[in-house]
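A quick write-up on the structure given underneath.
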Amino acid sequence: MKEKINHALHIFFFAAGFVILLLISSAIVIPKNNAKEAGMLEINPNGILAERNHSIDVLVLGDSEAYSSITPMQIWEQEGITSYVCATPRQKLDKSETFMHQAFENQNPKIVILETNLIYREFSTTHTLSQLLDNTFPVLVYHNRWKSLTSSDFGGRIQYTWVNDLKGYIVHKKVKSISPKDYMKTTDEAAKIPLRNKLFIEKMYKYCQDHGSQLVLVSSPSAKNWNYKKHNGIAKLAEEFGLEYLDLNLYEDDIAIDWSKDTRDQGDHINYFGAVKVSEFLGKYLKDNFHLEDHRNDPMYADWFESLERYKEKIASAK
Amino acid sequence: MKSYCSLGYLGIFLPIAVIGYAFLPKKYRWMFLLLCSYAFFWMLSKKLLIYILISTIAIHYIGIWLGFIQKERDEKLSTVERGEKKAIRLQYQKKQRLVLAAAICFHIGLLVLLKYSPFLAKNVQSLLTMLNVPLKIKIPKFALPIGLSFYTLQAVSYMIDVYRGTIKPDQNLGRLALYMCFFPSLMEGPICRYAQTANQLYSGEAVTYHNLTYGSQRILYGLFKKIVIADRLNLLIKSVFSDFIQYDGTVMLVGAVLYTCQLYMEFSGTMDVVIGSAEIFDIHLPENFQRPFFSKTISEFWQRWHITLGLWFKDYIFYPVSMSKRMKKLTMNARKKLGNHYGPLLAGSIALFCVWICNGLWHGSGWNYIFFGLYHFFLILSGSILEPTIRRITDALHIKRDSKGYHLLQIGKTTIFVIIGELFFRANGLTAGLAMFKKILTEFSLSSFVDGTLLNLGMDLYDYVVVLLAVLLVLAMSILKEKGISIRDMVASKPIYVRWAIYYSIIMLIIIFGAYGEGYAPIDPIYANF
């Protein structure tokens, strides 16, 4: 028995030592700034780290549909609402949760928009475990930074200074048209949402509630990815949790997406011209339904006008 | 859970299996291992689990049937006169052979159908087209259950061993099922024999602190080889072998050398993880590698590389062919005409040809794999034929064949032959392999070493340095092992702070210098596809 206790203690102390090593190495390799040059990964969503504390009204989470459809600067210019898109390609809900937690460390968004395309994307327990480990021990994500470590990485202060003028939006002006057939053809069928995904939505909904925020589900226009069956599945989910749900695929007259001009890849994602239409509509929807404050006359938000200028330059030169 | 080196296996599946196993009473442990093994199979191949279930049930009853025939034969033999015994033996041998042949045909037939029928159909179609026969063959495509080539060989070895009387037929279906599908060896081997593992698996020995630490050490070493070296080389190897046309012979050579290194590190690394996983349960699986790059001949190389496959071919193809009546007769006649060295070589070479054709085909259904097999057949056979000549030359030149320098020369020669073989093995088809080999011979220049080409293939200078240092570390460990020094025992004898410092260092080396995450594409288990 004594030997067993001894062995158990050995395992415990070895594991504790390992955790300490992971934490120390994480502190060394973690980028000390959110710029690409500093080694930061996923710089578009991580641009939110440099935003002034408690300055973001609306946080957008999602996959490529989100960063292709919503351009926060359009919403700012039109409504004075500040928003940021924390979206990554093929994002899964456990990753969305991570971005949400990260955003809430310094921000207090009143609205959290979850783009619904990712709600149907399945992921495994291993993926969630991997996500958890990555969040706890950044060395697992940034280990490759050993190639570019400098003396400031050892004990240096973390200071996020890179401001993303596109606020997470990714601009594409390319046009690859489509004439959608059976797009949003009505049906009573509802697509099934995986149980694990539902549990994550519930967790995120409760987290938002606890932090005085509201989770809103939004479906971006996509002739290829979206259909009425999926719409019904999300509508059912929204009803179940009492969430607001806005399906932008249903507002053909108001948004007027022209699939011969407003898509960059034959209906999979909309391009910049489509994103402007969607963001105009979304901005109005946010203002009308959630009474968000217009910050355009607030001197604290002057930097958003500076970003707007640079955003316009970037849009003008984008392809 | 794509591989044994994945988080899903090492972080979730294995810990659950170890904890569940450790807390169960001894008599239920084998059942739990079987349950885990089927769960593992299900996670990787879903309903294709049915194949291994059918195979297990089939060999169980075939074994019992063979045992029944043997029992009947023995009973009859005990009642008859001496003169009649030979006839009875022959009569029952015939019966047994019939049952065995049917069972082997069923298993190998299934393997051929699932794995080789698309290749066969494609070639028949090409032949028909060449002969202007207007016939269109539908190319079949089957989903392959995980580890099909491995468990089929285990099934065949079990039946042949029962037939030979080496083992008794197992009356316990559970034990046999566990032998067939023990999860650590299911995907990539080693190919176990019933006598080696069945009882160990069934006995349900406890998980001890010693086994846990030794098993974990072995797993760590395997992860080091796989994640630090093999995965780091993946981007370069993918670029070189998929776009070989745009590179010169130097890049081809570097690609072939690094692929050989990758294959060894991936396969032997995975074997370390597999054997280490089993060791935690106090199950000792047979070794699959014994420092193959210290081999002086190709023949020795194959006794040190994928050992369990080589032994399987030796026991179940080479010996039965070379020891058959016809071959014995052929050897006798050839010995008279060709002498004591070359005489037996004739029958041996026929058996060897069968082994290497099967070996090539076992690795995959493609002409490059057949070429790979024949290439090794040619090398081994020519080694045997030339042996007396080489001996005469070295004697005439007063070269000491047991000197270190001569051994190094032999090791170098063997390594070069292996690298050429692996080039064809990895190439996307035989034509591509030949074109790549031609480039090495005709387009070799040193400019790629200085113009930065090698730094634009998915590996920067840091990556090369890491690979070099990691390979040197593995080499140092291998030299120690080759000298008979047990590194694990050596480490175990050190004080706790030294031991822990070594363990922490290896873990942190894997974490920091491992090729995973952003910018890397981990290699899929190479041998799981065979």
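All residue names refer to the structure tokens as shown: chains lettered A, B, ... in order, residues numbered from 1 in each chain, ligands numbered from 1 in order.
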
From a backbone DSSP assignment, name each residue in region 24-249 of chain A labelled helix (DSSP H, G or I), as an MDAnalysis selection string. chainID A and resid 24:29 36:38 43:50 64:69 72:79 93:106 116:120 125:136 139:148 151:153 195:210 228:241 248:249

TODO: For chain A, work out the contacting residues on chain B at 8 Å, counting only C-alpha atoms, and write them as a list in words.
DONE: Met1, Leu7, Gly8, Ile12, Tyr209, Tyr462, Trp500, Tyr504, Ile511, Ile512, Phe513, Gly517 and Glu518 of chain B

- prompt: Counting only C-alpha atoms, which of A:Ala275, A:Leu133, A:Ile111, A:Ala38 gets nearest to Gln214 (chain A)?
  reply: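 Under the stated criterion, the closest residue is A:Ile111.
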
task = Please provide the set of residues having any atom within 7 Å of Val112 (chain A), restricted to only C-alpha atoms, with same-chain residues fewer than 3 positions apart removed, written as a ChimeraX atom specification.
result = /A:58-60,109,213-216

Give me a file of those residues, with C-alpha atoms, as a CSV table (one decimal), in the first residue's frame.
chain,number,residue,atom,x,y,z
A,58,VAL,CA,-21.2,43.7,-31.4
A,59,LEU,CA,-19.0,40.6,-31.6
A,60,VAL,CA,-19.4,38.4,-34.7
A,109,PRO,CA,-20.3,43.5,-26.3
A,213,SER,CA,-25.0,40.2,-23.5
A,214,GLN,CA,-27.4,38.7,-26.0
A,215,LEU,CA,-26.6,35.9,-28.4
A,216,VAL,CA,-28.2,36.4,-31.9

Exercise. If you count only C-alpha atoms, which residues fall within 10 Å of Asn199 (chain B), apart from same-chain ones fewer than 6 positions away, as a VMD selection string?
Worked result: chain B and resid 175 to 176 178 to 179 283

Problem - For CA of Gln171 (chain B) and CA of Ile64 (chain B), the interatomic separation in Å (one decimal) - result: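 Separation of CA of Gln171 (chain B) and CA of Ile64 (chain B): 7.0 Å.
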
All residues 10 Å or closer to region 126-143 of chain B, only C-alpha atoms, same chain fewer than 3 positions away omitted, as a short mmCIF file (atom, residue, chain, number, x, y, z; two decimals) with N, CA and C atoms, in the first residue's frame:
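Generated output (selection32.cif):
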data_model
loop_
_atom_site.label_atom_id
_atom_site.label_comp_id
_atom_site.auth_asym_id
_atom_site.auth_seq_id
_atom_site.Cartn_x
_atom_site.Cartn_y
_atom_site.Cartn_z
N SER B 45 -13.18 2.23 -38.76
CA SER B 45 -13.74 1.61 -39.97
C SER B 45 -15.25 1.37 -39.90
N LEU B 48 -17.34 -1.79 -41.21
CA LEU B 48 -16.42 -2.77 -41.82
C LEU B 48 -15.85 -3.71 -40.75
N LEU B 113 -9.73 -9.50 -53.23
CA LEU B 113 -10.94 -8.83 -53.71
C LEU B 113 -10.99 -7.37 -53.26
N LEU B 114 -10.77 -7.15 -51.97
CA LEU B 114 -10.91 -5.80 -51.44
C LEU B 114 -9.75 -4.89 -51.85
N LYS B 115 -8.54 -5.46 -51.84
CA LYS B 115 -7.36 -4.60 -52.01
C LYS B 115 -6.82 -4.59 -53.44
N TYR B 116 -6.87 -5.75 -54.11
CA TYR B 116 -6.18 -5.83 -55.40
C TYR B 116 -7.10 -5.85 -56.62
N SER B 117 -8.40 -6.04 -56.42
CA SER B 117 -9.26 -6.16 -57.61
C SER B 117 -9.25 -4.90 -58.49
N PRO B 118 -9.20 -3.67 -57.91
CA PRO B 118 -9.12 -2.51 -58.81
C PRO B 118 -7.86 -2.54 -59.67
N PHE B 119 -6.73 -2.94 -59.07
CA PHE B 119 -5.45 -3.00 -59.79
C PHE B 119 -5.52 -4.07 -60.89
N LEU B 120 -6.07 -5.24 -60.54
CA LEU B 120 -6.18 -6.32 -61.52
C LEU B 120 -7.10 -5.90 -62.67
N ALA B 121 -8.24 -5.30 -62.31
CA ALA B 121 -9.20 -4.89 -63.33
C ALA B 121 -8.61 -3.85 -64.28
N LYS B 122 -7.86 -2.90 -63.69
CA LYS B 122 -7.23 -1.84 -64.51
C LYS B 122 -6.26 -2.46 -65.51
N ASN B 123 -5.48 -3.43 -65.05
CA ASN B 123 -4.49 -4.05 -65.93
C ASN B 123 -5.13 -4.92 -67.00
N ILE B 146 -9.67 -1.21 -41.62
CA ILE B 146 -8.33 -0.87 -41.12
C ILE B 146 -7.56 -2.15 -40.76
#

Please extract the residues of region 125-319 of chain A with a backbone DSSP assignment of strand (DSSP E) and present them as a list in words.
Gln214, Leu215, Val216, Leu217, Val218, Ser219, Glu244, Tyr245, Leu246 and Asp247 of chain A

Any chance you could export the current selection's N, CA and C atoms as a PDB file, in the first residue's frame?
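For reference, out.pdb as written:
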ATOM      1  N   GLN A 214     -26.343  39.510 -25.382  1.00  0.00           N
ATOM      2  CA  GLN A 214     -27.406  38.737 -26.021  1.00  0.00           C
ATOM      3  C   GLN A 214     -26.849  37.999 -27.237  1.00  0.00           C
ATOM      4  N   LEU A 215     -27.118  36.702 -27.283  1.00  0.00           N
ATOM      5  CA  LEU A 215     -26.649  35.904 -28.420  1.00  0.00           C
ATOM      6  C   LEU A 215     -27.696  35.960 -29.527  1.00  0.00           C
ATOM      7  N   VAL A 216     -27.265  36.334 -30.735  1.00  0.00           N
ATOM      8  CA  VAL A 216     -28.173  36.433 -31.881  1.00  0.00           C
ATOM      9  C   VAL A 216     -27.649  35.533 -33.000  1.00  0.00           C
ATOM     10  N   LEU A 217     -28.537  34.764 -33.579  1.00  0.00           N
ATOM     11  CA  LEU A 217     -28.128  33.895 -34.685  1.00  0.00           C
ATOM     12  C   LEU A 217     -28.399  34.607 -36.006  1.00  0.00           C
ATOM     13  N   VAL A 218     -27.405  34.607 -36.879  1.00  0.00           N
ATOM     14  CA  VAL A 218     -27.559  35.268 -38.185  1.00  0.00           C
ATOM     15  C   VAL A 218     -27.077  34.318 -39.286  1.00  0.00           C
ATOM     16  N   SER A 219     -27.889  34.143 -40.311  1.00  0.00           N
ATOM     17  CA  SER A 219     -27.468  33.333 -41.473  1.00  0.00           C
ATOM     18  C   SER A 219     -27.122  34.264 -42.627  1.00  0.00           C
ATOM     19  N   GLU A 244     -32.821  35.344 -30.702  1.00  0.00           N
ATOM     20  CA  GLU A 244     -33.192  36.086 -31.912  1.00  0.00           C
ATOM     21  C   GLU A 244     -32.553  35.380 -33.100  1.00  0.00           C
ATOM     22  N   TYR A 245     -33.286  35.286 -34.205  1.00  0.00           N
ATOM     23  CA  TYR A 245     -32.698  34.663 -35.393  1.00  0.00           C
ATOM     24  C   TYR A 245     -33.005  35.501 -36.620  1.00  0.00           C
ATOM     25  N   LEU A 246     -31.967  35.859 -37.330  1.00  0.00           N
ATOM     26  CA  LEU A 246     -32.125  36.639 -38.553  1.00  0.00           C
ATOM     27  C   LEU A 246     -31.525  35.850 -39.708  1.00  0.00           C
ATOM     28  N   ASP A 247     -32.380  35.425 -40.622  1.00  0.00           N
ATOM     29  CA  ASP A 247     -31.878  34.710 -41.802  1.00  0.00           C
ATOM     30  C   ASP A 247     -31.859  35.686 -42.976  1.00  0.00           C
TER      31      ASP A 247
END

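Neighbours of Arg291 (chain B) closer than or equal to 7 Å, with only C-alpha atoms counted and sequence neighbours fewer than 3 positions away skipped, come out as Phe294, Arg304 and Ser478 of chain B.
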
Once you have the residues from the selection above, write them out as a short mmCIF file (atom, residue, chain, number, x, y, z; two decimals), in the first residue's frame, restricted to C-alpha atoms.
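part02.cif was written with the following content:
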data_model
loop_
_atom_site.label_atom_id
_atom_site.label_comp_id
_atom_site.auth_asym_id
_atom_site.auth_seq_id
_atom_site.Cartn_x
_atom_site.Cartn_y
_atom_site.Cartn_z
CA PHE B 294 23.51 -1.15 -39.48
CA ARG B 304 16.07 -6.08 -39.14
CA SER B 478 20.91 2.96 -31.82
#

**Prompt:** Hey, can you check how far CA of Glu105 (chain A) sits from CA of Tyr311 (chain A)?
**Reply:**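 We find that CA of Glu105 (chain A) and CA of Tyr311 (chain A) lie 26.0 Å from each other.
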
Figure out the distance between CA of Pro25 (chain B) and CA of Ser37 (chain B), please, to one decimal in Å.
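CA of Ser37 (chain B) sits 18.4 Å away from CA of Pro25 (chain B).
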
Requested in this report: Find, counting only C-alpha atoms, the residue in A:Ser69, A:Ser26, A:Asn108, A:Ser55 that gets nearest to Ile170 (chain A).
Outcome: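 Using only C-alpha atoms, the shortest distance to Ile170 (chain A) belongs to A:Ser69.
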
Using only C-alpha atoms, the residue out of B:Glu387, B:Asp460, B:Glu188, B:Glu422 with shortest distance to Ser268 (chain B) is B:Glu188

Q.
Calculated over only C-alpha atoms, which of the candidates A:His269, A:Lys181, A:Lys261, A:Arg52 has the smallest distance to Pro221 (chain A)?
A.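 Distance minimum relative to Pro221 (chain A) lands on A:His269.
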